[in-house]
$ cat protein.cif   # mmCIF, C-alpha atoms
data_upload
#
loop_
_atom_site.label_atom_id
_atom_site.label_comp_id
_atom_site.auth_asym_id
_atom_site.auth_seq_id
_atom_site.Cartn_x
_atom_site.Cartn_y
_atom_site.Cartn_z
CA MET A 2 95.13 106.11 36.13
CA THR A 3 95.44 106.96 32.46
CA VAL A 4 94.41 110.32 31.16
CA SER A 5 93.25 110.43 27.60
CA VAL A 6 92.99 113.42 25.38
CA ASN A 7 89.91 113.33 23.22
CA PRO A 8 89.46 115.89 20.52
CA THR A 9 85.91 117.25 20.53
CA GLN A 10 84.01 118.52 17.55
CA THR A 11 85.44 121.99 18.05
CA GLY A 12 88.93 120.56 18.11
CA GLU A 13 89.53 121.46 21.79
CA PRO A 14 91.22 118.71 23.80
CA VAL A 15 89.25 117.46 26.83
CA PHE A 16 91.16 115.96 29.74
CA TYR A 17 89.46 113.41 31.93
CA LEU A 18 90.12 110.12 33.70
CA ALA A 19 89.42 107.42 31.22
CA ASP A 20 89.09 104.58 33.73
CA GLU A 21 86.78 106.35 36.18
CA HIS A 22 83.90 103.96 35.96
CA PRO A 23 80.47 104.23 37.54
CA HIS A 24 79.69 102.09 40.57
CA PRO A 25 76.23 100.79 41.34
CA GLU A 26 74.54 102.98 43.95
CA GLY A 27 75.48 102.00 47.47
CA TRP A 28 78.17 99.49 46.51
CA SER A 29 80.48 100.76 49.25
CA THR A 30 77.80 101.49 51.87
CA SER A 31 78.27 98.38 53.96
CA LEU A 32 82.06 98.83 54.27
CA GLY A 33 81.63 102.53 55.06
CA PHE A 34 79.01 101.76 57.67
CA TRP A 35 81.21 99.06 59.17
CA ILE A 36 84.05 101.60 59.52
CA TYR A 37 81.61 103.99 61.25
CA LEU A 38 80.71 101.19 63.67
CA MET A 39 84.39 100.57 64.37
CA SER A 40 84.86 104.28 65.19
CA ASP A 41 81.82 104.03 67.48
CA CYS A 42 83.53 101.04 69.06
CA LEU A 43 86.47 103.30 69.95
CA ILE A 44 84.11 105.73 71.71
CA PHE A 45 82.81 102.87 73.83
CA ALA A 46 86.36 101.61 74.44
CA ILE A 47 87.28 105.01 75.94
CA LEU A 48 84.15 105.01 78.08
CA PHE A 49 84.90 101.46 79.27
CA ALA A 50 88.47 102.52 80.09
CA THR A 51 87.13 105.51 82.06
CA PHE A 52 84.77 103.24 83.93
CA GLY A 53 87.58 100.77 84.56
CA VAL A 54 89.73 103.51 86.09
CA LEU A 55 87.00 105.25 88.10
CA GLY A 56 84.70 102.30 88.79
CA GLY A 57 86.03 101.79 92.31
CA ASN A 58 85.91 105.44 93.46
CA TYR A 59 82.67 105.56 95.42
CA ALA A 60 83.52 108.73 97.42
CA ALA A 61 81.88 107.05 100.44
CA GLY A 62 78.72 106.86 98.34
CA PRO A 63 76.70 103.85 97.18
CA ALA A 64 78.60 100.92 95.63
CA PRO A 65 77.35 98.68 92.79
CA LYS A 66 76.17 96.12 95.34
CA ASP A 67 73.80 98.67 96.90
CA LEU A 68 72.47 99.94 93.58
CA PHE A 69 72.23 97.19 90.99
CA ASP A 70 69.37 94.73 90.84
CA LEU A 71 70.74 91.84 88.77
CA ASN A 72 67.25 90.44 88.14
CA LEU A 73 66.32 93.67 86.40
CA VAL A 74 69.58 93.65 84.42
CA ALA A 75 68.88 90.05 83.36
CA VAL A 76 65.41 91.06 82.12
CA ASN A 77 66.92 94.03 80.30
CA THR A 78 69.59 91.85 78.69
CA SER A 79 66.98 89.38 77.48
CA MET A 80 64.97 92.27 75.94
CA LEU A 81 67.99 93.32 73.88
CA LEU A 82 68.83 89.72 72.97
CA LEU A 83 65.24 89.04 71.84
CA SER A 84 65.25 92.24 69.78
CA SER A 85 68.40 91.00 68.06
CA ILE A 86 66.82 87.73 66.97
CA THR A 87 63.58 89.43 65.86
CA TYR A 88 65.64 91.86 63.76
CA GLY A 89 67.30 88.79 62.25
CA PHE A 90 63.82 87.46 61.36
CA ALA A 91 63.00 90.83 59.78
CA MET A 92 66.10 90.49 57.58
CA LEU A 93 65.16 86.92 56.62
CA THR A 94 61.59 87.89 55.65
CA MET A 95 63.01 90.89 53.77
CA GLN A 96 65.10 88.49 51.68
CA GLN A 97 61.89 86.65 50.80
CA ASN A 98 60.22 89.94 49.78
CA LYS A 99 57.46 89.61 52.38
CA ILE A 100 56.71 93.24 53.23
CA GLY A 101 53.99 92.55 55.79
CA GLN A 102 56.06 90.08 57.80
CA THR A 103 59.15 92.29 57.59
CA GLN A 104 57.16 95.20 59.02
CA MET A 105 55.74 92.96 61.74
CA TRP A 106 59.20 91.75 62.84
CA LEU A 107 60.54 95.31 62.72
CA ALA A 108 57.66 96.44 64.93
CA ILE A 109 58.35 93.61 67.42
CA THR A 110 62.04 94.58 67.41
CA GLY A 111 61.03 98.16 68.14
CA LEU A 112 58.83 97.04 71.06
CA PHE A 113 61.67 95.02 72.62
CA GLY A 114 64.01 97.98 72.11
CA ALA A 115 61.50 100.35 73.70
CA ALA A 116 61.09 97.93 76.63
CA PHE A 117 64.87 97.93 77.06
CA ILE A 118 65.00 101.73 77.15
CA GLY A 119 61.97 101.86 79.46
CA ILE A 120 63.56 99.46 81.98
CA GLU A 121 66.86 101.33 81.81
CA LEU A 122 65.19 104.70 82.41
CA THR A 123 63.23 103.20 85.34
CA GLU A 124 66.52 101.98 86.80
CA PHE A 125 68.13 105.42 86.32
CA ALA A 126 65.13 107.18 87.87
CA HIS A 127 65.23 104.83 90.84
CA MET A 128 68.96 105.45 91.34
CA ILE A 129 68.61 109.22 91.06
CA HIS A 130 65.67 109.13 93.48
CA GLU A 131 67.94 107.39 96.01
CA GLY A 132 70.55 110.12 95.61
CA ALA A 133 72.86 108.10 93.35
CA THR A 134 73.13 110.88 90.76
CA PRO A 135 76.04 111.31 88.31
CA GLN A 136 77.43 114.05 90.60
CA ARG A 137 77.62 111.73 93.62
CA SER A 138 80.92 109.93 92.86
CA ALA A 139 83.40 109.24 90.09
CA PHE A 140 81.98 105.71 89.85
CA LEU A 141 78.48 107.06 89.21
CA SER A 142 79.71 109.67 86.69
CA ALA A 143 81.48 106.93 84.73
CA PHE A 144 78.47 104.61 85.08
CA PHE A 145 75.91 107.11 83.78
CA THR A 146 78.20 108.19 80.93
CA LEU A 147 78.87 104.66 79.71
CA VAL A 148 75.40 103.15 80.15
CA GLY A 149 73.73 106.42 79.11
CA THR A 150 75.72 106.57 75.86
CA HIS A 151 74.65 103.03 75.06
CA GLY A 152 71.03 103.89 75.86
CA LEU A 153 71.26 106.96 73.65
CA HIS A 154 72.50 104.77 70.80
CA VAL A 155 69.57 102.39 71.26
CA SER A 156 67.15 105.35 71.32
CA CYS A 157 68.63 106.64 68.05
CA GLY A 158 68.29 103.12 66.64
CA LEU A 159 64.59 103.16 67.59
CA ILE A 160 64.02 106.48 65.78
CA TRP A 161 65.87 105.06 62.77
CA LEU A 162 63.75 101.88 62.94
CA VAL A 163 60.46 103.82 62.90
CA THR A 164 61.77 105.97 60.03
CA LEU A 165 62.64 102.88 57.99
CA MET A 166 59.23 101.31 58.70
CA MET A 167 57.64 104.47 57.25
CA GLN A 168 59.98 104.23 54.24
CA VAL A 169 59.13 100.59 53.64
CA GLN A 170 55.42 101.39 54.03
CA LYS A 171 55.68 104.13 51.45
CA PHE A 172 58.16 102.77 48.90
CA GLY A 173 58.22 99.03 49.59
CA LEU A 174 61.32 96.86 49.78
CA ILE A 175 63.25 98.73 47.10
CA GLU A 176 67.01 98.36 46.79
CA ALA A 177 67.70 101.54 48.80
CA ASN A 178 65.46 100.42 51.65
CA ARG A 179 67.11 96.99 51.75
CA ARG A 180 70.47 98.67 52.05
CA ARG A 181 69.19 100.91 54.87
CA LEU A 182 67.67 97.95 56.70
CA MET A 183 71.00 96.12 56.39
CA CYS A 184 72.85 99.10 57.92
CA LEU A 185 70.38 99.28 60.81
CA SER A 186 70.79 95.52 61.26
CA MET A 187 74.55 95.99 61.69
CA PHE A 188 73.97 98.94 64.05
CA TRP A 189 71.45 97.00 66.15
CA HIS A 190 73.59 93.86 66.49
CA PHE A 191 76.61 96.05 67.25
CA LEU A 192 74.74 97.66 70.16
CA ASP A 193 73.97 94.18 71.45
CA VAL A 194 77.72 93.39 71.34
CA VAL A 195 78.45 96.56 73.34
CA TRP A 196 75.78 95.55 75.86
CA ILE A 197 77.62 92.24 76.44
CA GLY A 198 80.54 94.35 77.64
CA VAL A 199 78.27 96.54 79.76
CA PHE A 200 76.48 93.77 81.61
CA THR A 201 79.72 91.85 82.16
CA PHE A 202 82.07 94.64 83.20
CA VAL A 203 79.68 97.14 84.77
CA TYR A 204 76.95 95.04 86.36
CA LEU A 205 78.30 91.53 86.99
CA LEU A 206 81.88 92.52 87.88
CA GLY A 207 80.53 95.53 89.79
CA VAL A 208 78.38 93.35 92.02
CA LEU A 209 81.30 90.90 92.46
CA ARG A 210 83.67 93.66 93.65
CA MET B 10 90.49 96.08 32.50
CA ASN B 11 87.79 98.65 32.98
CA THR B 12 84.90 96.29 32.47
CA ASP B 13 86.69 93.54 34.39
CA THR B 14 87.01 95.50 37.62
CA HIS B 15 83.46 96.70 37.29
CA ALA B 16 82.18 93.19 36.82
CA ALA B 17 84.24 92.08 39.80
CA HIS B 18 82.73 94.84 41.90
CA ALA B 19 79.22 94.04 40.82
CA ASP B 20 79.79 90.37 41.44
CA HIS B 21 81.34 91.05 44.77
CA HIS B 22 78.53 93.37 45.79
CA HIS B 23 75.98 90.79 44.87
CA GLY B 24 77.86 87.99 46.57
CA ASP B 25 78.44 89.45 50.00
CA GLY B 26 74.94 90.77 50.65
CA HIS B 27 73.36 88.35 53.04
CA ALA B 28 74.40 85.03 51.70
CA HIS B 29 75.15 83.89 55.25
CA SER B 30 71.93 84.88 56.99
CA THR B 31 69.78 81.83 57.35
CA PHE B 32 67.11 80.93 59.86
CA SER B 33 69.26 78.16 61.35
CA GLY B 34 72.23 80.53 61.59
CA TYR B 35 70.25 83.12 63.53
CA MET B 36 68.66 80.49 65.78
CA LEU B 37 72.02 78.88 66.54
CA GLY B 38 73.47 82.29 67.39
CA PHE B 39 70.48 83.12 69.57
CA VAL B 40 70.56 79.84 71.52
CA LEU B 41 74.31 80.15 72.05
CA SER B 42 74.04 83.73 73.27
CA VAL B 43 71.17 82.87 75.65
CA VAL B 44 73.31 80.13 77.19
CA LEU B 45 76.39 82.37 77.27
CA THR B 46 74.37 85.11 78.99
CA ALA B 47 72.54 82.89 81.46
CA ILE B 48 75.64 81.13 82.85
CA PRO B 49 77.53 84.30 83.93
CA PHE B 50 74.37 85.76 85.52
CA TRP B 51 73.78 82.50 87.36
CA LEU B 52 77.43 82.31 88.50
CA VAL B 53 77.30 85.80 89.99
CA MET B 54 73.80 85.62 91.46
CA SER B 55 74.24 82.20 93.08
CA GLY B 56 77.92 82.57 93.96
CA ALA B 57 78.48 79.02 92.76
CA LEU B 58 82.23 79.39 92.46
CA PRO B 59 84.18 79.68 95.71
CA SER B 60 86.51 82.53 94.70
CA LYS B 61 85.56 85.95 93.33
CA GLN B 62 88.68 86.07 91.16
CA ILE B 63 87.79 82.80 89.45
CA THR B 64 84.19 83.95 88.92
CA ALA B 65 85.45 87.23 87.41
CA LEU B 66 87.80 85.43 85.02
CA VAL B 67 85.11 82.94 83.99
CA ILE B 68 82.46 85.59 83.24
CA MET B 69 84.99 87.64 81.25
CA ALA B 70 85.81 84.54 79.22
CA PHE B 71 82.08 84.01 78.59
CA ALA B 72 81.76 87.65 77.44
CA VAL B 73 84.59 87.21 74.93
CA VAL B 74 83.05 84.01 73.55
CA GLN B 75 79.63 85.65 73.30
CA ILE B 76 81.07 88.65 71.44
CA VAL B 77 82.64 86.26 68.92
CA VAL B 78 79.32 84.39 68.57
CA HIS B 79 77.48 87.67 67.89
CA MET B 80 80.14 88.72 65.36
CA ILE B 81 79.80 85.48 63.42
CA TYR B 82 76.08 84.72 63.59
CA PHE B 83 74.48 88.19 63.80
CA LEU B 84 77.01 90.55 62.17
CA HIS B 85 78.03 87.86 59.62
CA MET B 86 81.73 88.63 59.95
CA ASN B 87 84.10 86.55 57.87
CA THR B 88 87.48 87.00 56.25
CA THR B 89 86.10 87.37 52.73
CA SER B 90 83.42 90.06 53.05
CA GLU B 91 84.38 93.33 51.30
CA ASN B 92 87.56 91.62 50.04
CA GLY B 93 88.72 91.29 53.62
CA TRP B 94 88.59 95.02 54.36
CA SER B 95 85.96 94.71 57.08
CA MET B 96 88.14 92.13 58.83
CA MET B 97 91.13 94.47 58.51
CA ALA B 98 89.10 97.32 60.01
CA LEU B 99 87.97 95.02 62.82
CA ILE B 100 91.50 93.84 63.61
CA PHE B 101 92.77 97.44 63.61
CA THR B 102 89.94 98.43 65.96
CA ILE B 103 90.63 95.52 68.30
CA VAL B 104 94.30 96.57 68.48
CA MET B 105 93.28 100.15 69.30
CA VAL B 106 90.73 99.00 71.88
CA VAL B 107 93.25 96.72 73.59
CA ILE B 108 95.87 99.53 73.71
CA ALA B 109 93.34 102.07 75.03
CA LEU B 110 91.88 99.74 77.66
CA SER B 111 95.02 98.01 78.93
CA GLY B 112 97.11 101.20 78.72
CA SER B 113 94.59 103.29 80.65
CA LEU B 114 94.05 100.68 83.34
CA TRP B 115 97.77 99.96 83.70
CA VAL B 116 98.96 103.58 83.82
CA MET B 117 96.15 104.76 86.09
CA SER B 118 96.53 101.92 88.56
CA HIS B 119 100.26 102.68 88.83
CA LEU B 120 99.53 106.36 89.35
CA ASN B 121 97.03 105.41 91.99
CA SER B 122 99.42 103.16 93.91
CA ASN B 123 102.28 105.69 93.63
CA MET B 124 100.19 108.51 95.05
CA MET B 125 101.64 109.59 98.36
CA PRO B 126 99.13 109.01 101.12
CA VAL B 127 97.88 112.18 102.82
CA HIS B 128 99.31 111.34 106.24
CA GLN B 129 102.84 110.89 104.83
CA MET B 130 102.64 114.24 103.06
CA ARG B 131 101.73 115.92 106.33
CA GLY B 132 104.79 114.37 108.01
CA MET B 133 107.08 115.97 105.41
CA ASN B 134 106.32 119.51 106.45
#

$ encode --input "protein.cif" --output "structure tokens"
Amino acid sequence: MTVSVNPTQTGEPVFYLADEHPHPEGWSTSLGFWIYLMSDCLIFAILFATFGVLGGNYAAGPAPKDLFDLNLVAVNTSMLLLSSITYGFAMLTMQQNKIGQTQMWLAITGLFGAAFIGIELTEFAHMIHEGATPQRSAFLSAFFTLVGTHGLHVSCGLIWLVTLMMQVQKFGLIEANRRRLMCLSMFWHFLDVVWIGVFTFVYLLGVLR
Amino acid sequence: MNTDTHAAHADHHHGDGHAHSTFSGYMLGFVLSVVLTAIPFWLVMSGALPSKQITALVIMAFAVVQIVVHMIYFLHMNTTSENGWSMMALIFTIVMVVIALSGSLWVMSHLNSNMMPVHQMRGMN
């Protein structure tokens, strides 16, 4: 970096970085958000590792075979998968500047996401009702931590989604809102990627064990 | 130099936005991920394969393929976005994830199998 000395009108030298140039607003947002997602990925990696280590310690309690209903998990997975494609449609209509359709697809995405959370909470409530609480065994502690953290992420995504729909309603598809919708798109698809790991390693491999 | 880098940035910013998101791209990704989800569920629920080990390996392979499909068609990952920095961050993360997962499982399973069973410990008194 070069530092130039410019004499001002009073004759005092002013030191500043001559090649510090302005960037358009948000030019680095997508890379920054991607790096956040990668750090989130590490959180999930640790939780998966914990589940991998503790997943077989049932403490004479219920095993995955007794607890998991794969039909329900399949329905839940399809909810998240459908919400991913509808978010994709929201991004496509956003590119065509169609506010009404973008809002409609965002709302449908939110409904699928809410259905996912609803089914997951029903499953948790059912398990806890049967005595399979997080305190019951190391397997259940690891299960509730991993799946619960994912569910918490989806819930935060839903709050974010509603917030952005309000923003779009109020300010339209301005540059800032497009950028925010793109970040949420990455977040939403990332959660779907994490769910692939959850249904494979927790549910399917758990039932196989 | 100053204006050059700025123009490059502006260009770059404009170029990487969502040039890759098309209707056909999303639909292809969706159809692939439906197939890649349905087959592992079917394999486990029907028990079509004779051995549990083979089933486990196959569904893990399907998960890896589906993650790659999601990365390409939904997250629009490629080697050129953000001048390759997002790919670098991804590769770094994958390395960390592999170390954390394989290391934890390896070390903990060894600890587990080297634990002295309770009845042997009693005999030592």

$ interface_residues --input "protein.cif" --of "chain B" --to "chain A" --cutoff "7 Å" --atoms "all atoms listed in the file" --output "list of chain:residue names"
B:Asn11, B:His22, B:Thr31, B:Tyr35, B:Phe39, B:Val53, B:Lys61, B:Ala65, B:Ile68, B:Met69, B:Ala72, B:Ile76, B:His79, B:Phe83, B:Leu84, B:Glu91, B:Ser95, B:Ala98, B:Leu99, B:Thr102, B:Val106, B:Ala109, B:Leu110, B:Ser113, B:Leu114, B:Met117

$ axis_aligned_box --input "protein.cif" --around "region 74-87 of chain B" --padding-each-side "4 Å" --output "lines of an AutoDock Vina configuration file"
center_x = 79.3
center_y = 87.3
center_z = 65.7
size_x = 17.6
size_y = 14.5
size_z = 23.7

$ residues_around --input "protein.cif" --residues "Leu112 (chain A)" --least-positions-apart "5" --cutoff "9 Å" --atoms "all atoms listed in the file" --output "PyMOL selection string"
chain A and resi 84+107+117

$ atom_distance --input "protein.cif" --atom1 "CA of Asn123 (chain B)" --atom2 "CA of Thr64 (chain B)"
28.7 Å

$ closest_residue --input "protein.cif" --among "B:Val116, B:Met36, B:Leu41, B:Ile63" --to "Val77 (chain B)" --atoms "only C-alpha atoms"
B:Leu41

$ resolve_selection --input "protein.cif" --expression "the PyMOL selection byres ((chain A and resi 118-131) around 9)" --output "list in words"
Leu68, Phe69, Asp70, Leu73, Val74, Val76, Asn77, Phe113, Gly114, Ala115, Ala116, Phe117, Gly132, Ala133, Thr134, Pro135, Phe145, Val148, Gly149, Gly152, Leu153, Val155 and Ser156 of chain A

$ closest_residue --input "protein.cif" --among "B:His119, B:Ala70, B:Thr89, B:Gly112" --to "Ile48 (chain B)" --atoms "all atoms listed in the file"
B:Ala70

$ residues_around --input "protein.cif" --residues "Met95 (chain A)" --least-positions-apart "6" --cutoff "10 Å" --atoms "all atoms listed in the file" --output "ChimeraX atom specification"
/A:89,101-104,106,174,179,182-183

$ residues_around --input "protein.cif" --residues "Tyr82 (chain B)" --least-positions-apart "4" --cutoff "8 Å" --atoms "all atoms listed in the file" --output "list in words"
Ser30, Gly34, Tyr35, Leu37, Gly38, Val78 and Met86 of chain B

$ closest_residue --input "protein.cif" --among "B:Leu58, B:Phe32, B:Pro126, B:Val74" --to "Ala91 (chain A)" --atoms "all atoms listed in the file"
B:Phe32

$ atom_distance --input "protein.cif" --atom1 "CA of Gln62 (chain B)" --atom2 "CA of Gly62 (chain A)"
24.1 Å

$ atom_distance --input "protein.cif" --atom1 "CA of Gln75 (chain B)" --atom2 "CA of Ala143 (chain A)"
24.2 Å

$ decode --input "protein.cif" --residues "region 46-119 of chain B" --atoms "C-alpha atoms" --output "PDB file, in the first residue's frame"
ATOM      1  CA  THR B  46     -33.367 -39.938  -0.817  1.00  0.00           C
ATOM      2  CA  ALA B  47     -35.973 -42.510  -1.810  1.00  0.00           C
ATOM      3  CA  ILE B  48     -33.524 -45.347  -2.572  1.00  0.00           C
ATOM      4  CA  PRO B  49     -31.773 -45.384   0.856  1.00  0.00           C
ATOM      5  CA  PHE B  50     -35.133 -45.203   2.684  1.00  0.00           C
ATOM      6  CA  TRP B  51     -36.452 -48.045   0.555  1.00  0.00           C
ATOM      7  CA  LEU B  52     -33.295 -50.125   1.118  1.00  0.00           C
ATOM      8  CA  VAL B  53     -33.565 -49.807   4.889  1.00  0.00           C
ATOM      9  CA  MET B  54     -37.346 -50.151   5.173  1.00  0.00           C
ATOM     10  CA  SER B  55     -37.630 -53.171   2.874  1.00  0.00           C
ATOM     11  CA  GLY B  56     -34.319 -54.794   3.815  1.00  0.00           C
ATOM     12  CA  ALA B  57     -33.720 -55.516   0.145  1.00  0.00           C
ATOM     13  CA  LEU B  58     -30.015 -56.147   0.566  1.00  0.00           C
ATOM     14  CA  PRO B  59     -29.027 -59.334   2.399  1.00  0.00           C
ATOM     15  CA  SER B  60     -26.299 -57.861   4.623  1.00  0.00           C
ATOM     16  CA  LYS B  61     -26.574 -54.908   7.013  1.00  0.00           C
ATOM     17  CA  GLN B  62     -22.974 -53.888   6.336  1.00  0.00           C
ATOM     18  CA  ILE B  63     -23.599 -53.633   2.597  1.00  0.00           C
ATOM     19  CA  THR B  64     -26.808 -51.660   3.167  1.00  0.00           C
ATOM     20  CA  ALA B  65     -24.944 -49.272   5.498  1.00  0.00           C
ATOM     21  CA  LEU B  66     -22.161 -48.704   2.963  1.00  0.00           C
ATOM     22  CA  VAL B  67     -24.634 -48.175   0.121  1.00  0.00           C
ATOM     23  CA  ILE B  68     -26.769 -45.613   1.994  1.00  0.00           C
ATOM     24  CA  MET B  69     -23.637 -43.724   3.079  1.00  0.00           C
ATOM     25  CA  ALA B  70     -22.524 -43.611  -0.545  1.00  0.00           C
ATOM     26  CA  PHE B  71     -25.962 -42.262  -1.520  1.00  0.00           C
ATOM     27  CA  ALA B  72     -25.668 -39.569   1.198  1.00  0.00           C
ATOM     28  CA  VAL B  73     -22.291 -38.430  -0.150  1.00  0.00           C
ATOM     29  CA  VAL B  74     -23.626 -38.251  -3.717  1.00  0.00           C
ATOM     30  CA  GLN B  75     -26.713 -36.343  -2.566  1.00  0.00           C
ATOM     31  CA  ILE B  76     -24.587 -33.833  -0.638  1.00  0.00           C
ATOM     32  CA  VAL B  77     -22.561 -33.197  -3.800  1.00  0.00           C
ATOM     33  CA  VAL B  78     -25.789 -32.789  -5.824  1.00  0.00           C
ATOM     34  CA  HIS B  79     -27.109 -30.233  -3.308  1.00  0.00           C
ATOM     35  CA  MET B  80     -23.784 -28.371  -3.342  1.00  0.00           C
ATOM     36  CA  ILE B  81     -23.813 -28.067  -7.128  1.00  0.00           C
ATOM     37  CA  TYR B  82     -27.484 -27.496  -7.953  1.00  0.00           C
ATOM     38  CA  PHE B  83     -28.808 -25.685  -4.850  1.00  0.00           C
ATOM     39  CA  LEU B  84     -25.755 -23.968  -3.328  1.00  0.00           C
ATOM     40  CA  HIS B  85     -24.272 -23.282  -6.808  1.00  0.00           C
ATOM     41  CA  MET B  86     -20.765 -24.256  -5.754  1.00  0.00           C
ATOM     42  CA  ASN B  87     -18.077 -24.079  -8.397  1.00  0.00           C
ATOM     43  CA  THR B  88     -14.357 -23.453  -8.514  1.00  0.00           C
ATOM     44  CA  THR B  89     -14.663 -19.909  -9.846  1.00  0.00           C
ATOM     45  CA  SER B  90     -17.119 -18.230  -7.459  1.00  0.00           C
ATOM     46  CA  GLU B  91     -15.466 -15.556  -5.268  1.00  0.00           C
ATOM     47  CA  ASN B  92     -12.201 -16.145  -7.166  1.00  0.00           C
ATOM     48  CA  GLY B  93     -12.110 -19.664  -5.788  1.00  0.00           C
ATOM     49  CA  TRP B  94     -12.166 -18.596  -2.138  1.00  0.00           C
ATOM     50  CA  SER B  95     -15.460 -20.300  -1.352  1.00  0.00           C
ATOM     51  CA  MET B  96     -14.055 -23.551  -2.742  1.00  0.00           C
ATOM     52  CA  MET B  97     -10.927 -23.079  -0.624  1.00  0.00           C
ATOM     53  CA  ALA B  98     -13.074 -22.520   2.472  1.00  0.00           C
ATOM     54  CA  LEU B  99     -15.108 -25.613   1.604  1.00  0.00           C
ATOM     55  CA  ILE B 100     -12.035 -27.803   1.115  1.00  0.00           C
ATOM     56  CA  PHE B 101     -10.551 -26.561   4.405  1.00  0.00           C
ATOM     57  CA  THR B 102     -13.839 -27.316   6.175  1.00  0.00           C
ATOM     58  CA  ILE B 103     -14.045 -30.793   4.664  1.00  0.00           C
ATOM     59  CA  VAL B 104     -10.505 -31.522   5.898  1.00  0.00           C
ATOM     60  CA  MET B 105     -11.441 -30.334   9.402  1.00  0.00           C
ATOM     61  CA  VAL B 106     -14.683 -32.327   9.376  1.00  0.00           C
ATOM     62  CA  VAL B 107     -12.914 -35.502   8.262  1.00  0.00           C
ATOM     63  CA  ILE B 108     -10.232 -35.087  10.970  1.00  0.00           C
ATOM     64  CA  ALA B 109     -12.828 -34.370  13.677  1.00  0.00           C
ATOM     65  CA  LEU B 110     -15.128 -37.233  12.690  1.00  0.00           C
ATOM     66  CA  SER B 111     -12.606 -39.967  11.905  1.00  0.00           C
ATOM     67  CA  GLY B 112     -10.310 -38.956  14.774  1.00  0.00           C
ATOM     68  CA  SER B 113     -13.099 -38.958  17.355  1.00  0.00           C
ATOM     69  CA  LEU B 114     -14.560 -42.256  16.200  1.00  0.00           C
ATOM     70  CA  TRP B 115     -11.151 -43.932  15.941  1.00  0.00           C
ATOM     71  CA  VAL B 116      -9.776 -42.758  19.293  1.00  0.00           C
ATOM     72  CA  MET B 117     -13.007 -43.366  21.191  1.00  0.00           C
ATOM     73  CA  SER B 118     -13.545 -46.840  19.785  1.00  0.00           C
ATOM     74  CA  HIS B 119      -9.987 -47.786  20.806  1.00  0.00           C
TER      75      HIS B 119
END
